[in-house]
>>> print(open('run-v6.cif').read())   # mmCIF, C-alpha atoms
data_work
loop_
_atom_site.label_atom_id
_atom_site.label_comp_id
_atom_site.auth_asym_id
_atom_site.auth_seq_id
_atom_site.Cartn_x
_atom_site.Cartn_y
_atom_site.Cartn_z
CA MET A 14 -33.30 -214.92 117.61
CA ALA A 15 -31.96 -211.63 116.28
CA ALA A 16 -29.37 -211.77 113.53
CA ALA A 17 -25.79 -210.97 114.43
CA PRO A 18 -24.68 -207.43 113.60
CA GLN A 19 -23.12 -206.98 110.20
CA PRO A 20 -19.71 -205.40 109.59
CA THR A 21 -19.66 -201.61 109.65
CA GLY A 22 -15.93 -201.06 109.33
CA ARG A 23 -13.97 -199.29 106.60
CA SER A 24 -13.82 -200.92 103.20
CA ASP A 25 -10.01 -200.91 103.22
CA ILE A 26 -9.96 -202.86 106.50
CA ILE A 27 -12.71 -205.40 105.78
CA ILE A 28 -12.58 -206.87 102.29
CA ASP A 29 -15.05 -209.64 101.40
CA GLY A 30 -15.68 -210.14 105.10
CA ILE A 31 -11.99 -210.62 105.97
CA ILE A 32 -10.62 -208.25 108.61
CA ASP A 33 -7.17 -207.04 107.61
CA GLY A 34 -5.24 -207.08 110.89
CA LYS A 35 -2.22 -205.51 109.21
CA ALA A 36 -4.28 -202.49 108.16
CA VAL A 37 -5.81 -202.05 111.62
CA ALA A 38 -2.36 -202.38 113.20
CA ALA A 39 -0.94 -199.82 110.75
CA ASP A 40 -3.59 -197.31 111.83
CA ILE A 41 -2.72 -197.86 115.48
CA THR A 42 1.03 -197.60 114.99
CA ALA A 43 0.62 -194.41 112.92
CA HIS A 44 -1.06 -192.78 115.93
CA ILE A 45 1.62 -194.18 118.22
CA ALA A 46 4.36 -192.68 116.04
CA THR A 47 2.74 -189.25 116.43
CA GLY A 48 2.37 -189.77 120.17
CA SER A 49 5.96 -190.92 120.43
CA ALA A 50 7.20 -187.75 118.73
CA ARG A 51 5.18 -185.62 121.15
CA PHE A 52 6.58 -187.60 124.07
CA VAL A 53 10.13 -186.95 122.89
CA GLU A 54 9.39 -183.22 122.65
CA LYS A 55 8.04 -183.09 126.21
CA ALA A 56 10.31 -185.60 127.95
CA GLY A 57 13.56 -185.00 126.11
CA ARG A 58 13.93 -188.74 125.61
CA ALA A 59 12.28 -191.54 123.67
CA PRO A 60 9.87 -194.12 125.11
CA GLY A 61 11.92 -197.22 125.93
CA LEU A 62 11.17 -200.89 125.33
CA ALA A 63 13.41 -203.73 126.51
CA VAL A 64 12.86 -207.29 125.33
CA VAL A 65 14.59 -210.22 127.00
CA LEU A 66 15.13 -213.33 124.87
CA VAL A 67 16.38 -216.51 126.50
CA GLY A 68 17.70 -219.23 124.20
CA ASP A 69 17.65 -219.53 120.44
CA ASP A 70 14.13 -220.70 119.57
CA PRO A 71 13.70 -219.59 115.91
CA ALA A 72 10.06 -218.51 116.23
CA SER A 73 10.76 -216.46 119.36
CA ALA A 74 13.82 -214.89 117.73
CA VAL A 75 11.78 -213.76 114.71
CA TYR A 76 9.03 -212.38 116.92
CA VAL A 77 11.49 -210.47 119.10
CA ARG A 78 13.26 -209.08 116.04
CA ASN A 79 9.96 -207.82 114.64
CA LYS A 80 9.14 -206.13 117.94
CA GLY A 81 12.51 -204.40 117.92
CA LYS A 82 12.12 -203.21 114.33
CA THR A 83 8.67 -201.81 115.04
CA ALA A 84 9.85 -200.04 118.19
CA THR A 85 12.75 -198.43 116.33
CA ARG A 86 10.47 -197.36 113.47
CA LEU A 87 8.17 -195.62 115.95
CA GLY A 88 11.04 -193.66 117.45
CA PHE A 89 11.40 -195.74 120.62
CA TYR A 90 14.59 -196.51 122.46
CA SER A 91 14.81 -200.25 121.85
CA VAL A 92 17.08 -202.72 123.59
CA GLN A 93 17.29 -206.51 123.38
CA GLU A 94 18.90 -208.65 126.04
CA THR A 95 19.77 -212.05 124.57
CA LEU A 96 20.68 -214.71 127.13
CA ALA A 97 21.84 -218.29 126.70
CA ALA A 98 19.29 -221.08 127.09
CA ASP A 99 21.27 -222.61 129.97
CA ILE A 100 21.41 -219.51 132.19
CA ASP A 101 20.28 -219.90 135.79
CA GLN A 102 17.29 -218.26 137.47
CA LYS A 103 19.43 -215.70 139.30
CA THR A 104 21.07 -214.40 136.12
CA LEU A 105 17.70 -213.87 134.46
CA ALA A 106 16.28 -212.28 137.61
CA ASP A 107 19.26 -209.91 137.86
CA THR A 108 18.71 -208.88 134.23
CA VAL A 109 15.09 -208.00 134.96
CA ARG A 110 16.06 -206.04 138.08
CA LEU A 111 18.57 -203.98 136.10
CA LEU A 112 15.89 -203.12 133.55
CA ASN A 113 13.47 -202.21 136.36
CA ASP A 114 16.06 -199.67 137.57
CA ASP A 115 16.89 -198.31 134.09
CA ASP A 116 15.14 -194.93 133.64
CA ARG A 117 15.50 -195.22 129.86
CA VAL A 118 13.23 -198.28 129.87
CA ASP A 119 9.45 -197.83 130.19
CA GLY A 120 8.42 -201.32 129.11
CA ILE A 121 9.91 -204.75 129.84
CA LEU A 122 8.91 -207.91 128.03
CA VAL A 123 10.41 -211.32 128.75
CA GLN A 124 9.72 -213.50 125.73
CA MET A 125 7.84 -216.66 126.59
CA PRO A 126 8.09 -219.60 126.84
CA LEU A 127 11.26 -219.78 128.88
CA PRO A 128 13.50 -222.84 128.63
CA SER A 129 13.15 -225.43 131.39
CA PRO A 130 13.81 -225.33 134.32
CA LEU A 131 13.47 -221.52 134.52
CA ASP A 132 10.48 -220.36 136.58
CA ALA A 133 8.48 -218.01 134.32
CA GLU A 134 5.98 -217.05 137.00
CA ALA A 135 8.73 -215.89 139.35
CA ILE A 136 10.27 -213.77 136.59
CA ILE A 137 6.94 -212.14 135.72
CA ASP A 138 6.45 -211.32 139.40
CA LEU A 139 9.81 -209.50 139.41
CA ILE A 140 8.91 -207.08 136.60
CA ASP A 141 7.93 -203.61 137.79
CA PRO A 142 4.12 -203.52 137.25
CA GLN A 143 4.48 -200.03 135.73
CA LYS A 144 6.81 -201.52 133.10
CA ASP A 145 4.92 -204.79 132.56
CA VAL A 146 3.87 -204.18 128.95
CA ASP A 147 2.71 -207.80 128.57
CA GLY A 148 0.11 -207.16 131.28
CA PHE A 149 0.95 -210.43 133.05
CA HIS A 150 2.05 -209.14 136.47
CA PRO A 151 -0.43 -210.01 139.27
CA VAL A 152 -0.96 -206.30 139.97
CA ASN A 153 -2.09 -205.66 136.39
CA VAL A 154 -4.11 -208.88 136.28
CA GLY A 155 -5.88 -207.91 139.48
CA ARG A 156 -6.62 -204.36 138.41
CA LEU A 157 -8.07 -205.57 135.12
CA ALA A 158 -10.24 -208.10 136.92
CA ALA A 159 -11.41 -205.37 139.30
CA GLY A 160 -12.50 -203.26 136.37
CA ALA A 161 -9.86 -200.57 136.91
CA ARG A 162 -8.57 -200.38 133.34
CA ALA A 163 -6.98 -196.92 133.52
CA PRO A 164 -4.16 -197.68 135.98
CA CYS A 165 -3.25 -201.10 134.56
CA LEU A 166 -1.46 -202.42 131.50
CA VAL A 167 -3.62 -204.81 129.48
CA PRO A 168 -2.41 -208.03 127.76
CA CYS A 169 -1.67 -207.25 124.14
CA THR A 170 -3.43 -210.06 122.26
CA PRO A 171 -6.79 -209.66 124.04
CA ALA A 172 -6.60 -205.87 123.61
CA GLY A 173 -5.90 -206.36 119.91
CA SER A 174 -8.86 -208.73 119.62
CA VAL A 175 -11.20 -206.07 120.98
CA ARG A 176 -9.81 -203.54 118.49
CA LEU A 177 -10.45 -205.98 115.64
CA ALA A 178 -14.03 -206.54 116.78
CA LYS A 179 -14.52 -202.78 116.80
CA ALA A 180 -13.04 -202.52 113.32
CA ALA A 181 -15.79 -204.88 112.15
CA LEU A 182 -18.75 -203.80 114.27
CA GLY A 183 -18.03 -200.19 115.21
CA ASP A 184 -16.72 -198.68 118.42
CA ASP A 185 -19.86 -199.36 120.45
CA LEU A 186 -20.01 -203.05 121.33
CA SER A 187 -22.67 -202.58 124.02
CA GLY A 188 -25.12 -205.45 124.25
CA LYS A 189 -23.20 -207.77 121.94
CA HIS A 190 -22.79 -211.36 123.10
CA ALA A 191 -19.10 -212.27 123.10
CA VAL A 192 -18.18 -215.93 123.49
CA ILE A 193 -14.54 -216.60 124.32
CA VAL A 194 -13.40 -220.16 123.63
CA GLY A 195 -10.42 -220.62 125.91
CA ARG A 196 -9.77 -219.72 129.53
CA SER A 197 -6.02 -219.11 129.64
CA THR A 198 -4.68 -216.30 131.77
CA ILE A 199 -2.85 -214.97 128.70
CA VAL A 200 -5.81 -214.58 126.33
CA GLY A 201 -9.15 -216.08 127.34
CA ARG A 202 -9.70 -214.58 130.78
CA PRO A 203 -8.36 -211.08 130.04
CA ALA A 204 -10.32 -211.02 126.77
CA ALA A 205 -13.48 -211.72 128.77
CA GLN A 206 -12.68 -208.82 131.12
CA LEU A 207 -12.04 -206.45 128.21
CA PHE A 208 -15.28 -207.33 126.43
CA LEU A 209 -17.13 -206.90 129.73
CA ALA A 210 -15.60 -203.43 129.95
CA GLU A 211 -17.12 -202.74 126.52
CA ASN A 212 -20.55 -203.63 127.98
CA CYS A 213 -20.78 -206.94 126.16
CA THR A 214 -22.50 -209.97 127.59
CA VAL A 215 -19.67 -212.46 127.95
CA THR A 216 -19.53 -216.25 128.04
CA ILE A 217 -16.29 -218.19 128.55
CA ALA A 218 -16.31 -221.66 126.99
CA HIS A 219 -13.58 -224.28 127.26
CA SER A 220 -12.68 -227.95 126.95
CA ARG A 221 -15.27 -228.99 129.55
CA THR A 222 -18.13 -227.00 128.02
CA GLU A 223 -21.08 -229.22 127.13
CA ASP A 224 -22.35 -228.87 123.56
CA LEU A 225 -19.80 -226.24 122.53
CA PRO A 226 -21.45 -225.53 119.14
CA ALA A 227 -24.75 -224.69 120.87
CA VAL A 228 -22.95 -222.16 123.06
CA THR A 229 -20.84 -220.54 120.37
CA ARG A 230 -23.78 -220.24 117.95
CA THR A 231 -25.31 -217.67 120.29
CA SER A 232 -22.40 -215.26 119.87
CA ASP A 233 -22.27 -211.97 118.00
CA ILE A 234 -18.51 -211.99 118.62
CA LEU A 235 -16.69 -215.32 118.73
CA VAL A 236 -13.08 -215.37 119.94
CA ALA A 237 -11.21 -218.66 119.42
CA ALA A 238 -8.17 -218.93 121.70
CA VAL A 239 -7.49 -222.59 122.40
CA GLY A 240 -4.46 -223.55 120.32
CA ARG A 241 -6.13 -226.42 118.48
CA ALA A 242 -6.10 -226.23 114.69
CA GLY A 243 -9.55 -226.16 113.08
CA LEU A 244 -11.47 -226.57 116.34
CA ILE A 245 -14.13 -224.05 115.32
CA GLY A 246 -16.14 -225.13 112.29
CA ALA A 247 -19.26 -223.99 110.51
CA GLU A 248 -21.48 -225.66 113.11
CA HIS A 249 -20.07 -223.32 115.80
CA VAL A 250 -20.88 -220.01 114.11
CA LYS A 251 -24.07 -217.95 113.91
CA PRO A 252 -24.57 -216.41 110.45
CA GLY A 253 -23.18 -212.89 110.39
CA ALA A 254 -21.06 -213.25 113.53
CA CYS A 255 -17.69 -211.55 113.93
CA VAL A 256 -15.04 -214.27 114.36
CA ILE A 257 -11.66 -213.41 115.91
CA ASP A 258 -9.15 -216.25 115.49
CA VAL A 259 -6.35 -215.99 118.05
CA GLY A 260 -4.93 -219.47 117.39
CA ILE A 261 -1.54 -219.90 115.73
CA ASN A 262 -0.86 -223.54 114.90
CA ARG A 263 1.80 -224.95 112.60
CA ILE A 264 0.65 -228.03 110.73
CA ALA A 265 1.95 -230.19 107.91
CA ALA A 266 1.32 -228.87 104.39
CA PRO A 267 1.98 -231.83 102.07
CA GLU A 268 0.51 -229.88 99.15
CA LYS A 269 3.58 -227.62 99.39
CA GLY A 270 6.13 -230.40 99.67
CA PRO A 271 6.98 -233.46 101.78
CA ASP A 272 8.37 -231.50 104.73
CA ALA A 273 6.45 -228.25 104.29
CA THR A 274 4.33 -226.66 107.01
CA LYS A 275 1.84 -223.80 107.23
CA LEU A 276 0.25 -221.61 109.88
CA VAL A 277 -3.45 -222.02 110.60
CA GLY A 278 -5.76 -220.79 113.30
CA ASP A 279 -8.22 -222.41 115.67
CA VAL A 280 -10.96 -221.69 113.12
CA ASP A 281 -11.55 -223.77 109.99
CA PHE A 282 -11.36 -220.70 107.79
CA ALA A 283 -12.65 -222.31 104.59
CA THR A 284 -15.93 -223.43 106.13
CA VAL A 285 -16.47 -220.53 108.53
CA ALA A 286 -15.64 -217.55 106.30
CA PRO A 287 -18.76 -217.94 104.10
CA ILE A 288 -20.95 -217.89 107.23
CA ALA A 289 -19.29 -215.17 109.31
CA GLY A 290 -20.05 -211.52 108.82
CA ALA A 291 -16.39 -210.76 109.46
CA ILE A 292 -13.41 -212.98 110.23
CA THR A 293 -9.70 -212.59 110.91
CA PRO A 294 -7.26 -214.65 108.85
CA VAL A 295 -4.22 -216.54 110.12
CA PRO A 296 -1.67 -215.20 109.51
CA GLY A 297 -2.44 -211.50 109.05
CA GLY A 298 -5.17 -211.07 111.64
CA VAL A 299 -4.49 -210.98 115.37
CA GLY A 300 -0.71 -211.39 115.03
CA PRO A 301 0.06 -207.84 113.77
CA MET A 302 -2.29 -206.45 116.40
CA THR A 303 -0.33 -208.05 119.23
CA ILE A 304 2.80 -206.11 118.28
CA ALA A 305 0.80 -202.89 117.74
CA MET A 306 -0.76 -203.17 121.19
CA LEU A 307 2.67 -203.87 122.72
CA MET A 308 3.82 -200.52 121.30
CA HIS A 309 0.63 -198.91 122.62
CA ASN A 310 1.35 -200.29 126.10
CA THR A 311 4.95 -199.06 125.95
CA LEU A 312 3.93 -195.50 125.11
CA THR A 313 1.17 -195.68 127.73
CA ALA A 314 3.72 -196.77 130.34
CA ALA A 315 6.10 -194.01 129.29
CA CYS A 316 3.41 -191.33 129.59
CA ARG A 317 2.30 -192.58 133.00
CA ARG A 318 5.83 -192.72 134.33
CA ALA A 319 6.45 -189.16 133.09
CA GLY A 320 3.10 -187.87 134.37
CA PHE A 321 1.85 -186.89 130.90
CA THR A 322 -1.93 -187.02 130.46
CA ASP A 323 -2.29 -184.88 127.34
CA ILE A 324 -0.64 -187.13 124.72
CA ASP A 325 -3.47 -188.70 122.73
CA PHE A 326 -2.76 -191.87 120.77
#
>>> encode(input="run-v6.cif", output="structure tokens")
Amino acid sequence: MAAAPQPTGRSDIIIDGIIDGKAVAADITAHIATGSARFVEKAGRAPGLAVVLVGDDPASAVYVRNKGKTATRLGFYSVQETLAADIDQKTLADTVRLLNDDDRVDGILVQMPLPSPLDAEAIIDLIDPQKDVDGFHPVNVGRLAAGARAPCLVPCTPAGSVRLAKAALGDDLSGKHAVIVGRSTIVGRPAAQLFLAENCTVTIAHSRTEDLPAVTRTSDILVAAVGRAGLIGAEHVKPGACVIDVGINRIAAPEKGPDATKLVGDVDFATVAPIAGAITPVPGGVGPMTIAMLMHNTLTAACRRAGFTDIDF
């Protein structure tokens, strides 16, 4: 069996085999800032991003605040609609419809999860597909599955995962074997479609996969997206493989105090890092990329809505 490809990325992005997601995201947002300025010159307005937050979940609030700060820093028109946790379906739907009709807004994101009993799927279906910067609308999902990447908006976390793999292995991923552990419609399935579009050979593994380590050990690129802390250990990884850890799990950290917690991924970093050729940390890996790709989608949506094809970012 041929050895997995070794990292070929820049030394300031991959240090001791660890892919610095913050550095990759900074590169992307720097290009977006330039593109945003060019858009303003041509359109006479800024690209617009609207984020809808329902309820007061602390983690969601922090995430939404970071999105807003990044959008403002890049020169976007940024608006946040904050709604009470006990609102009804109609009120939320009316908010989305107003944003659909707002010409200042190019991208709409409804922060998930929504409080019960709100119907998230119905709300996603209401978002204008041209403004669906999460890439969750059935129109965008279908176009991605059909292989028509250009006219669709792609889910941010899977798109960021591909960018991180390229940071480690170079822009040409042709022929690499990518194994995606997880089959969610948010990460696993769209990630498989995106790696297919890069001419990878793709395997999707999941909770019913027999002998998971035997499957994952064949991968040049291993994407862990299950939401189970430490699921992927040394026995799952081929030496030299590029490991992208999408998982974000909060677990107890008694070493920090009786009630302390910490964030960890789906990969047992301590045992896998010495084996992998490149690996993303948690935090600091895929997380920053998700926000960067959200900004990328917003500017993409703005350019498409304005009919601009010459703004390169």
>>> resolve_selection(input="run-v6.cif", expression="the PyMOL selection byres ((chain A and resi 52-59) around 6)", output="ChimeraX atom specification")
/A:49-51,60,89-90
>>> write_last_selection(input="run-v6.cif", atoms="C-alpha atoms", output="PDB file, keeping the file's coordinate frame")
ATOM      1  CA  SER A  49       5.960-190.920 120.430  1.00  0.00           C
ATOM      2  CA  ALA A  50       7.200-187.750 118.730  1.00  0.00           C
ATOM      3  CA  ARG A  51       5.180-185.620 121.150  1.00  0.00           C
ATOM      4  CA  PRO A  60       9.870-194.120 125.110  1.00  0.00           C
ATOM      5  CA  PHE A  89      11.400-195.740 120.620  1.00  0.00           C
ATOM      6  CA  TYR A  90      14.590-196.510 122.460  1.00  0.00           C
TER       7      TYR A  90
END
>>> resolve_selection(input="run-v6.cif", expression="the PyMOL selection byres ((chain A and resi 129-143) around 6)", output="JSON, numbers by chain")
{"A": [102, 113, 128, 144, 145, 150]}
>>> write_last_selection(input="run-v6.cif", atoms="C-alpha atoms", output="compact mmCIF listing (two decimals), keeping the file's coordinate frame")
# COMPACT_ATOMS: atom_id res chain seq x y z
CA GLN A 102 17.29 -218.26 137.47
CA ASN A 113 13.47 -202.21 136.36
CA PRO A 128 13.50 -222.84 128.63
CA LYS A 144 6.81 -201.52 133.10
CA ASP A 145 4.92 -204.79 132.56
CA HIS A 150 2.05 -209.14 136.47
>>> resolve_selection(input="run-v6.cif", expression="the PyMOL selection byres ((chain A and resi 280-293) around 10)", output="ChimeraX atom specification")
/A:17-22,27-34,174,177-178,180-182,233-261,277-279,294-300
>>> atom_distance(input="run-v6.cif", atom1="CA of Ser73 in chain A", atom2="CA of Ile41 in chain A")
23.3 Å
>>> residues_around(input="run-v6.cif", residues="range 306-320 of chain A", least_positions_apart="2", cutoff="7 Å", atoms="only C-alpha atoms", output="ChimeraX atom specification")
/A:45,49,60,62,84,119-120,143-144,146,166,169,172-173,302-304,322
